[in-house]
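These notes are about the structure you will find just below.
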Amino acid sequence: QGVTESFGAAVSCLSTAHLTDEVIKRSKRMILDTLGVGLLGSSTPVFNTVLQYSQRQQAVKNSKVWARPGSSVPPQYAAFVNGVAVHSMDFDDTWHPATHPSGTVLPAVLALAETLPVKPTGLELLLAFNVGIEVQGRLLRFSKEAHNIPKRFHPPAVVGVMGSAAATSKLLGLPPAQSIAALAIACSSAGAPMANAATQTKPLHMGNAARGGLEATELALLGLEGNTQILDLESGFGAFYPDYIPRQLAEVTPASQYRWVLEDQNIAQKRFPAHLGMHWVADAAIEARAKILDKHPNADVSQIQKITLRVPLSRYVDCPLPVTEHQARHSFQFNCCTALLDGEVTVESFSKSQMNRSALQEMLLKVNLENPQDNHSSFENMYCEISVETTQGETFTAHCDTFYGHWRKPLSHEDLLKKFRANASTVLTPDFVEGIIYTVDNLDSNQDCSMLWSYMHFNKQHMMHRHEHCFSLSV
């Protein structure tokens, strides 16, 4: 049995009976967090642009666009638009080896589920989602390069499209041969260069992967075929990794147990919307600030002589003077200075008013980056060390090797709910926010998931304008 054949068999044969309590628990957290950042992202310019484009498409069957009542588009475009929303502020989850696993899978699964004549149960939805996550995790483990902070391409655009294809194949119940075809077709839609990081195009990587995987599954369902050894070959999926060494998946039978990657490798969920590397910097800077204020309670933190950051070498997150919010989300310097000035980094930190503050702009000029050889370019092993020199000649240092929210130090359930409520409430009323929390929490016992995408379709601002319009007409 070849590697590709083993993947096709696993995608087809895995059942809800193979889901473990730990996988269900962790994947529920991932789904809730992804829905929250997607709702928040529905207010961004890049989301509005791709929605305008997608609304030009027409189909017999349509799926809902998150946070846009009355807007429905063909399911592959719903996967695209909602996938863009998830990553539009770089607020979605991150895994190791490096990728954003949920945003390429959940939008595709929900868009497809909405169009099915028989709606899936919550467990069936969880199974499809986890199959998509599992395929990504397995593929990433076939390369040592994949364990490092990416340099050449954005990982969700490569493994994410394969995860989307696997998840939607599972949801449609495709047999092994068609599941293999879906993976082969999806592989020809994979890839996006890192040069588009820190731009409005980066969120499209997530949306394109969600759409590409769903389209691949639909084409496989119609009989389109691809290379049946796509995961075995150096010229297949191996084209993305020069050190690619694939291995077969364990055989899956109805009576067998299955060890999911998600059981062994937890997820990082972010506290603020920026590249994952920024979270080490922010935690270290907040600690240094606390030390300064502990010794000098009335100190003006903006009066700093020099800041030294010791971080891994990674060019695309070394942005000394960011001009756009997307550059700021990928700037060691910006997130360091924001944390020093404010004691936190938040959604509002990336607004124009906060970015253009004179105190922040002046502080950015005082930051010096160093790249120690022992500071590895890996989200598993990296650290951030900060040294702050004051105008009085004092030096304050701090070190962070595991930020709060990292897979080694995950957010508490209470803080994850707090993050979701803060994000979702920008779009939804409190009862809808709590409705999503309840629905996700009870997915494994829910026989009908349709309420989930109904909640996601709502927008309180739209309803307020609608009520105001109706009132003015009645007057």
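How things are named: the first chain in the structure tokens is A, the next is B, and so on; residues count from 1 in each chain; ligands count from 1 in the order shown.
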Please report, as CSV, each residue of range 82-151 of chain A lying at most 10 Å from range 228-240 of chain A, together with the nearest pair of atoms and the separation in Å rounded to one decimal; use only C-alpha atoms, and order rows by chain and ascending residue number.
residue,atom,partner,partner_atom,distance
A:Leu139,CA,A:Leu231,CA,8.7
A:Phe142,CA,A:Gly238,CA,9.1
A:Ser143,CA,A:Gly238,CA,9.1
A:Ala146,CA,A:Phe240,CA,9.8
Backbone DSSP call of strand (DSSP E or B) for range 142-386 of chain A, listed as a list in words: Phe153, Pro193, Ala268, Ile304, Gln305, Lys306, Ile307, Thr308, Leu309, Arg310, Val367, Asn368, Leu369, Glu370, Cys384, Glu385 and Ile386 of chain A
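Between Thr115 in chain A and the candidates A:Thr308, A:Gln200, A:Asn381, A:Asn62, the tightest atom-to-atom separation, counting only C-alpha atoms, involves A:Asn62.
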One-decimal distance in Å that lies between CA of Val311 in chain A and CA of Gln373 in chain A: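 Computing it gives 9.6 Å between the two atoms.
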Which neighbours of range 65-79 of chain A fall inside 9 Å, counting only C-alpha atoms, when residues of the same chain fewer than 6 positions from it are skipped, and could you give them as a compact mmCIF listing (two decimals) with all heavy atoms, in the first residue's frame?
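The file below, result.txt, is the result:
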# COMPACT_ATOMS: atom_id res chain seq x y z
N GLY A 38 -13.49 34.90 12.64
CA GLY A 38 -14.13 35.09 11.34
C GLY A 38 -15.19 36.18 11.38
O GLY A 38 -15.31 36.99 10.47
N LEU A 39 -15.96 36.20 12.47
CA LEU A 39 -16.97 37.25 12.62
C LEU A 39 -16.31 38.62 12.75
O LEU A 39 -16.75 39.60 12.12
CB LEU A 39 -17.84 36.96 13.85
CG LEU A 39 -18.85 35.82 13.69
CD1 LEU A 39 -19.41 35.40 15.04
CD2 LEU A 39 -19.97 36.22 12.73
N SER A 42 -15.06 39.91 9.44
CA SER A 42 -16.06 40.29 8.43
C SER A 42 -16.22 41.81 8.31
O SER A 42 -16.93 42.28 7.43
CB SER A 42 -17.41 39.66 8.76
OG SER A 42 -17.96 40.23 9.94
N SER A 43 -15.54 42.55 9.15
CA SER A 43 -15.62 44.01 9.08
C SER A 43 -14.41 44.63 8.38
O SER A 43 -14.30 45.86 8.30
CB SER A 43 -15.71 44.59 10.50
OG SER A 43 -14.56 44.23 11.26
N LEU A 51 -15.86 39.69 -0.97
CA LEU A 51 -17.30 39.47 -1.00
C LEU A 51 -17.91 40.10 -2.25
O LEU A 51 -18.74 39.50 -2.94
CB LEU A 51 -17.96 40.05 0.25
CG LEU A 51 -19.49 40.01 0.29
CD1 LEU A 51 -20.02 38.58 0.16
CD2 LEU A 51 -20.02 40.65 1.58
N SER A 54 -17.14 37.82 -5.07
CA SER A 54 -17.85 36.53 -5.01
C SER A 54 -19.33 36.67 -5.30
O SER A 54 -19.97 35.73 -5.77
CB SER A 54 -17.63 35.89 -3.64
OG SER A 54 -16.25 35.61 -3.43
N GLN A 55 -19.89 37.83 -4.99
CA GLN A 55 -21.32 38.04 -5.24
C GLN A 55 -21.66 38.10 -6.72
O GLN A 55 -22.83 38.06 -7.09
CB GLN A 55 -21.79 39.31 -4.52
CG GLN A 55 -21.94 39.13 -3.02
CD GLN A 55 -22.27 40.42 -2.30
OE1 GLN A 55 -21.82 41.50 -2.70
NE2 GLN A 55 -23.04 40.33 -1.22
N ARG A 56 -20.65 38.18 -7.56
CA ARG A 56 -20.87 38.16 -9.01
C ARG A 56 -21.17 36.75 -9.51
O ARG A 56 -21.64 36.56 -10.63
CB ARG A 56 -19.65 38.70 -9.74
CG ARG A 56 -19.30 40.15 -9.42
CD ARG A 56 -18.00 40.55 -10.08
NE ARG A 56 -17.62 41.92 -9.76
CZ ARG A 56 -16.46 42.48 -10.12
NH1 ARG A 56 -15.59 41.79 -10.83
NH2 ARG A 56 -16.19 43.72 -9.78
N GLN A 57 -20.86 35.74 -8.67
CA GLN A 57 -21.06 34.36 -9.07
C GLN A 57 -22.50 33.93 -8.76
O GLN A 57 -23.12 34.44 -7.83
CB GLN A 57 -20.07 33.45 -8.32
CG GLN A 57 -18.66 33.99 -8.23
CD GLN A 57 -18.04 34.30 -9.58
OE1 GLN A 57 -18.24 33.56 -10.54
NE2 GLN A 57 -17.31 35.40 -9.67
N GLN A 58 -22.98 32.99 -9.54
CA GLN A 58 -24.34 32.49 -9.34
C GLN A 58 -24.33 30.97 -9.38
O GLN A 58 -23.50 30.35 -10.05
CB GLN A 58 -25.28 33.03 -10.42
CG GLN A 58 -25.48 34.54 -10.38
CD GLN A 58 -26.44 35.03 -11.44
OE1 GLN A 58 -26.76 34.30 -12.38
NE2 GLN A 58 -26.90 36.26 -11.29
N ALA A 59 -25.28 30.36 -8.66
CA ALA A 59 -25.38 28.90 -8.63
C ALA A 59 -26.78 28.50 -8.21
O ALA A 59 -27.55 29.31 -7.67
CB ALA A 59 -24.35 28.30 -7.67
N ALA A 85 -12.12 35.90 5.82
CA ALA A 85 -12.51 36.57 7.06
C ALA A 85 -11.71 36.04 8.25
O ALA A 85 -11.26 36.80 9.11
CB ALA A 85 -14.01 36.39 7.32
N THR A 104 -8.73 26.96 6.97
CA THR A 104 -8.86 26.39 5.63
C THR A 104 -9.91 25.28 5.59
O THR A 104 -10.37 24.90 4.52
CB THR A 104 -7.52 25.80 5.15
OG1 THR A 104 -7.09 24.80 6.09
CG2 THR A 104 -6.46 26.87 5.04
N VAL A 105 -10.28 24.76 6.76
CA VAL A 105 -11.16 23.60 6.83
C VAL A 105 -12.58 23.97 7.23
O VAL A 105 -13.56 23.60 6.56
CB VAL A 105 -10.59 22.55 7.81
CG1 VAL A 105 -11.59 21.42 8.04
CG2 VAL A 105 -9.28 21.98 7.28
N LEU A 106 -12.74 24.72 8.32
CA LEU A 106 -14.08 25.00 8.84
C LEU A 106 -14.96 25.75 7.84
O LEU A 106 -16.13 25.38 7.66
CB LEU A 106 -13.98 25.76 10.17
CG LEU A 106 -15.30 25.95 10.91
CD1 LEU A 106 -15.93 24.61 11.26
CD2 LEU A 106 -15.10 26.80 12.17
N PRO A 107 -14.49 26.82 7.17
CA PRO A 107 -15.36 27.49 6.20
C PRO A 107 -15.82 26.57 5.07
O PRO A 107 -16.97 26.67 4.61
CB PRO A 107 -14.47 28.62 5.66
CG PRO A 107 -13.50 28.89 6.75
CD PRO A 107 -13.21 27.55 7.33
N ALA A 108 -14.96 25.66 4.63
CA ALA A 108 -15.33 24.73 3.56
C ALA A 108 -16.36 23.72 4.04
O ALA A 108 -17.35 23.43 3.35
CB ALA A 108 -14.08 24.01 3.04
N VAL A 109 -16.15 23.20 5.24
CA VAL A 109 -17.07 22.20 5.80
C VAL A 109 -18.45 22.81 6.03
O VAL A 109 -19.48 22.21 5.68
CB VAL A 109 -16.50 21.62 7.11
CG1 VAL A 109 -17.56 20.82 7.86
CG2 VAL A 109 -15.30 20.73 6.81
N LEU A 110 -18.52 24.01 6.60
CA LEU A 110 -19.81 24.64 6.87
C LEU A 110 -20.52 25.03 5.58
O LEU A 110 -21.74 24.88 5.47
CB LEU A 110 -19.62 25.86 7.77
CG LEU A 110 -19.19 25.60 9.21
CD1 LEU A 110 -19.15 26.90 10.01
CD2 LEU A 110 -20.10 24.60 9.89
N ALA A 111 -19.77 25.53 4.60
CA ALA A 111 -20.38 25.92 3.32
C ALA A 111 -20.98 24.70 2.62
O ALA A 111 -22.08 24.77 2.06
CB ALA A 111 -19.35 26.60 2.43
N LEU A 112 -20.26 23.58 2.64
CA LEU A 112 -20.77 22.37 2.01
C LEU A 112 -21.95 21.79 2.79
O LEU A 112 -22.97 21.41 2.20
CB LEU A 112 -19.65 21.33 1.92
CG LEU A 112 -20.05 19.96 1.37
CD1 LEU A 112 -20.59 20.07 -0.05
CD2 LEU A 112 -18.86 19.00 1.42
N GLU A 114 -24.17 23.15 4.52
CA GLU A 114 -25.40 23.92 4.36
C GLU A 114 -26.18 23.53 3.11
O GLU A 114 -27.40 23.66 3.05
CB GLU A 114 -25.05 25.41 4.31
CG GLU A 114 -26.24 26.33 4.36
CD GLU A 114 -25.85 27.80 4.35
OE1 GLU A 114 -24.65 28.10 4.53
OE2 GLU A 114 -26.74 28.64 4.14
N THR A 115 -25.46 23.02 2.09
CA THR A 115 -26.11 22.69 0.82
C THR A 115 -26.58 21.23 0.75
O THR A 115 -27.27 20.86 -0.21
CB THR A 115 -25.15 22.92 -0.35
OG1 THR A 115 -24.05 21.99 -0.27
CG2 THR A 115 -24.62 24.34 -0.34
N GLY A 207 -8.50 31.68 2.19
CA GLY A 207 -9.73 31.53 1.43
C GLY A 207 -9.55 30.67 0.20
O GLY A 207 -10.40 29.83 -0.12
N ASN A 208 -8.43 30.85 -0.51
CA ASN A 208 -8.17 30.05 -1.70
C ASN A 208 -8.01 28.57 -1.35
O ASN A 208 -8.44 27.70 -2.11
CB ASN A 208 -6.91 30.55 -2.41
CG ASN A 208 -7.16 31.81 -3.21
OD1 ASN A 208 -8.27 32.06 -3.67
ND2 ASN A 208 -6.13 32.63 -3.38
N ALA A 209 -7.37 28.29 -0.22
CA ALA A 209 -7.19 26.90 0.20
C ALA A 209 -8.53 26.25 0.54
O ALA A 209 -8.81 25.11 0.16
CB ALA A 209 -6.25 26.83 1.40
N ALA A 210 -9.38 26.98 1.26
CA ALA A 210 -10.71 26.46 1.59
C ALA A 210 -11.52 26.20 0.32
O ALA A 210 -12.15 25.14 0.16
CB ALA A 210 -11.46 27.43 2.50
N ARG A 211 -11.50 27.15 -0.60
CA ARG A 211 -12.23 27.00 -1.85
C ARG A 211 -11.64 25.90 -2.71
O ARG A 211 -12.37 25.06 -3.27
CB ARG A 211 -12.21 28.32 -2.63
CG ARG A 211 -12.88 28.22 -4.00
CD ARG A 211 -12.89 29.54 -4.74
NE ARG A 211 -11.54 30.05 -5.00
CZ ARG A 211 -11.29 31.19 -5.65
NH1 ARG A 211 -12.29 31.94 -6.07
NH2 ARG A 211 -10.06 31.58 -5.86
N GLY A 212 -10.31 25.87 -2.85
CA GLY A 212 -9.65 24.89 -3.71
C GLY A 212 -9.91 23.46 -3.28
O GLY A 212 -10.11 22.57 -4.11
N GLY A 213 -9.91 23.23 -1.96
CA GLY A 213 -10.19 21.89 -1.47
C GLY A 213 -11.60 21.45 -1.74
O GLY A 213 -11.86 20.30 -2.14
N LEU A 214 -12.55 22.37 -1.53
CA LEU A 214 -13.96 22.04 -1.79
C LEU A 214 -14.19 21.81 -3.28
O LEU A 214 -14.89 20.86 -3.68
CB LEU A 214 -14.85 23.17 -1.28
CG LEU A 214 -16.36 23.04 -1.55
CD1 LEU A 214 -16.90 21.70 -1.07
CD2 LEU A 214 -17.12 24.19 -0.88
N GLU A 215 -13.60 22.65 -4.13
CA GLU A 215 -13.74 22.45 -5.58
C GLU A 215 -13.14 21.12 -6.01
O GLU A 215 -13.69 20.42 -6.87
CB GLU A 215 -13.07 23.61 -6.32
CG GLU A 215 -13.85 24.91 -6.24
CD GLU A 215 -13.14 26.05 -6.95
OE1 GLU A 215 -11.91 25.95 -7.16
OE2 GLU A 215 -13.81 27.05 -7.29
N VAL A 427 -20.25 41.90 15.95
CA VAL A 427 -21.17 41.64 14.85
C VAL A 427 -22.54 41.17 15.34
O VAL A 427 -23.57 41.55 14.79
CB VAL A 427 -20.57 40.58 13.90
CG1 VAL A 427 -21.55 40.21 12.79
CG2 VAL A 427 -19.27 41.08 13.29
N LEU A 428 -22.55 40.36 16.40
CA LEU A 428 -23.77 39.70 16.84
C LEU A 428 -24.31 40.29 18.13
O LEU A 428 -23.56 40.86 18.93
CB LEU A 428 -23.51 38.20 17.05
CG LEU A 428 -22.96 37.41 15.87
CD1 LEU A 428 -22.78 35.95 16.26
CD2 LEU A 428 -23.87 37.52 14.66
N TRP A 453 -24.74 27.80 11.24
CA TRP A 453 -24.52 28.77 10.17
C TRP A 453 -25.62 29.82 10.11
O TRP A 453 -25.43 30.90 9.55
CB TRP A 453 -24.33 28.08 8.82
CG TRP A 453 -25.29 27.01 8.44
CD1 TRP A 453 -26.53 27.15 7.92
CD2 TRP A 453 -25.06 25.59 8.54
NE1 TRP A 453 -27.11 25.92 7.68
CE2 TRP A 453 -26.22 24.94 8.05
CE3 TRP A 453 -24.01 24.80 8.98
CZ2 TRP A 453 -26.35 23.55 8.00
CZ3 TRP A 453 -24.12 23.43 8.94
CH2 TRP A 453 -25.28 22.81 8.45
N SER A 454 -26.78 29.53 10.71
CA SER A 454 -27.81 30.57 10.80
C SER A 454 -27.36 31.69 11.73
O SER A 454 -27.54 32.87 11.44
CB SER A 454 -29.12 29.97 11.31
OG SER A 454 -29.64 29.04 10.37
N TYR A 455 -26.76 31.32 12.87
CA TYR A 455 -26.21 32.33 13.78
C TYR A 455 -25.13 33.15 13.09
O TYR A 455 -25.06 34.38 13.23
CB TYR A 455 -25.60 31.66 15.01
CG TYR A 455 -26.58 31.12 16.02
CD1 TYR A 455 -26.39 29.86 16.61
CD2 TYR A 455 -27.69 31.85 16.43
CE1 TYR A 455 -27.27 29.35 17.56
CE2 TYR A 455 -28.58 31.36 17.37
CZ TYR A 455 -28.37 30.10 17.94
OH TYR A 455 -29.25 29.61 18.86
N MET A 456 -24.27 32.48 12.32
CA MET A 456 -23.13 33.15 11.70
C MET A 456 -23.57 34.13 10.60
O MET A 456 -22.82 35.02 10.22
CB MET A 456 -22.18 32.11 11.10
CG MET A 456 -21.49 31.22 12.12
SD MET A 456 -20.38 32.16 13.20
CE MET A 456 -19.13 32.69 12.04
N HIS A 457 -24.77 33.98 10.10
CA HIS A 457 -25.28 34.81 9.00
C HIS A 457 -25.81 36.15 9.50
O HIS A 457 -26.02 37.07 8.71
CB HIS A 457 -26.40 34.02 8.30
CG HIS A 457 -26.79 34.56 6.97
ND1 HIS A 457 -25.88 34.95 6.00
CD2 HIS A 457 -28.01 34.76 6.41
CE1 HIS A 457 -26.52 35.36 4.94
NE2 HIS A 457 -27.82 35.28 5.15
N PHE A 458 -26.01 36.29 10.78
CA PHE A 458 -26.65 37.46 11.37
C PHE A 458 -25.66 38.63 11.47
O PHE A 458 -24.45 38.44 11.50
CB PHE A 458 -27.18 37.09 12.76
CG PHE A 458 -28.04 38.14 13.39
CD1 PHE A 458 -29.36 38.32 13.01
CD2 PHE A 458 -27.54 38.95 14.41
CE1 PHE A 458 -30.15 39.29 13.62
CE2 PHE A 458 -28.31 39.91 15.01
CZ PHE A 458 -29.63 40.08 14.61
N ASN A 459 -26.19 39.85 11.52
CA ASN A 459 -25.37 41.04 11.75
C ASN A 459 -26.25 42.10 12.41
O ASN A 459 -27.24 42.55 11.83
CB ASN A 459 -24.80 41.58 10.44
CG ASN A 459 -23.82 42.72 10.66
OD1 ASN A 459 -24.11 43.68 11.36
ND2 ASN A 459 -22.65 42.61 10.06
N LYS A 460 -25.90 42.47 13.63
CA LYS A 460 -26.77 43.38 14.38
C LYS A 460 -26.86 44.76 13.74
O LYS A 460 -27.89 45.42 13.81
CB LYS A 460 -26.29 43.49 15.83
CG LYS A 460 -24.88 44.06 16.00
CD LYS A 460 -24.47 44.07 17.47
CE LYS A 460 -23.08 44.63 17.68
NZ LYS A 460 -22.66 44.55 19.10
N HIS A 462 -26.79 45.41 10.52
CA HIS A 462 -27.71 45.30 9.39
C HIS A 462 -29.15 45.36 9.88
O HIS A 462 -30.00 46.02 9.28
CB HIS A 462 -27.44 43.98 8.66
CG HIS A 462 -28.34 43.76 7.48
ND1 HIS A 462 -29.59 43.18 7.59
CD2 HIS A 462 -28.18 44.03 6.15
CE1 HIS A 462 -30.15 43.10 6.41
NE2 HIS A 462 -29.32 43.61 5.51
N MET A 463 -29.43 44.66 10.98
CA MET A 463 -30.80 44.64 11.50
C MET A 463 -31.21 46.00 12.04
O MET A 463 -32.35 46.43 11.89
CB MET A 463 -30.91 43.57 12.58
CG MET A 463 -30.67 42.14 12.08
SD MET A 463 -31.70 41.68 10.66
CE MET A 463 -33.33 41.69 11.43
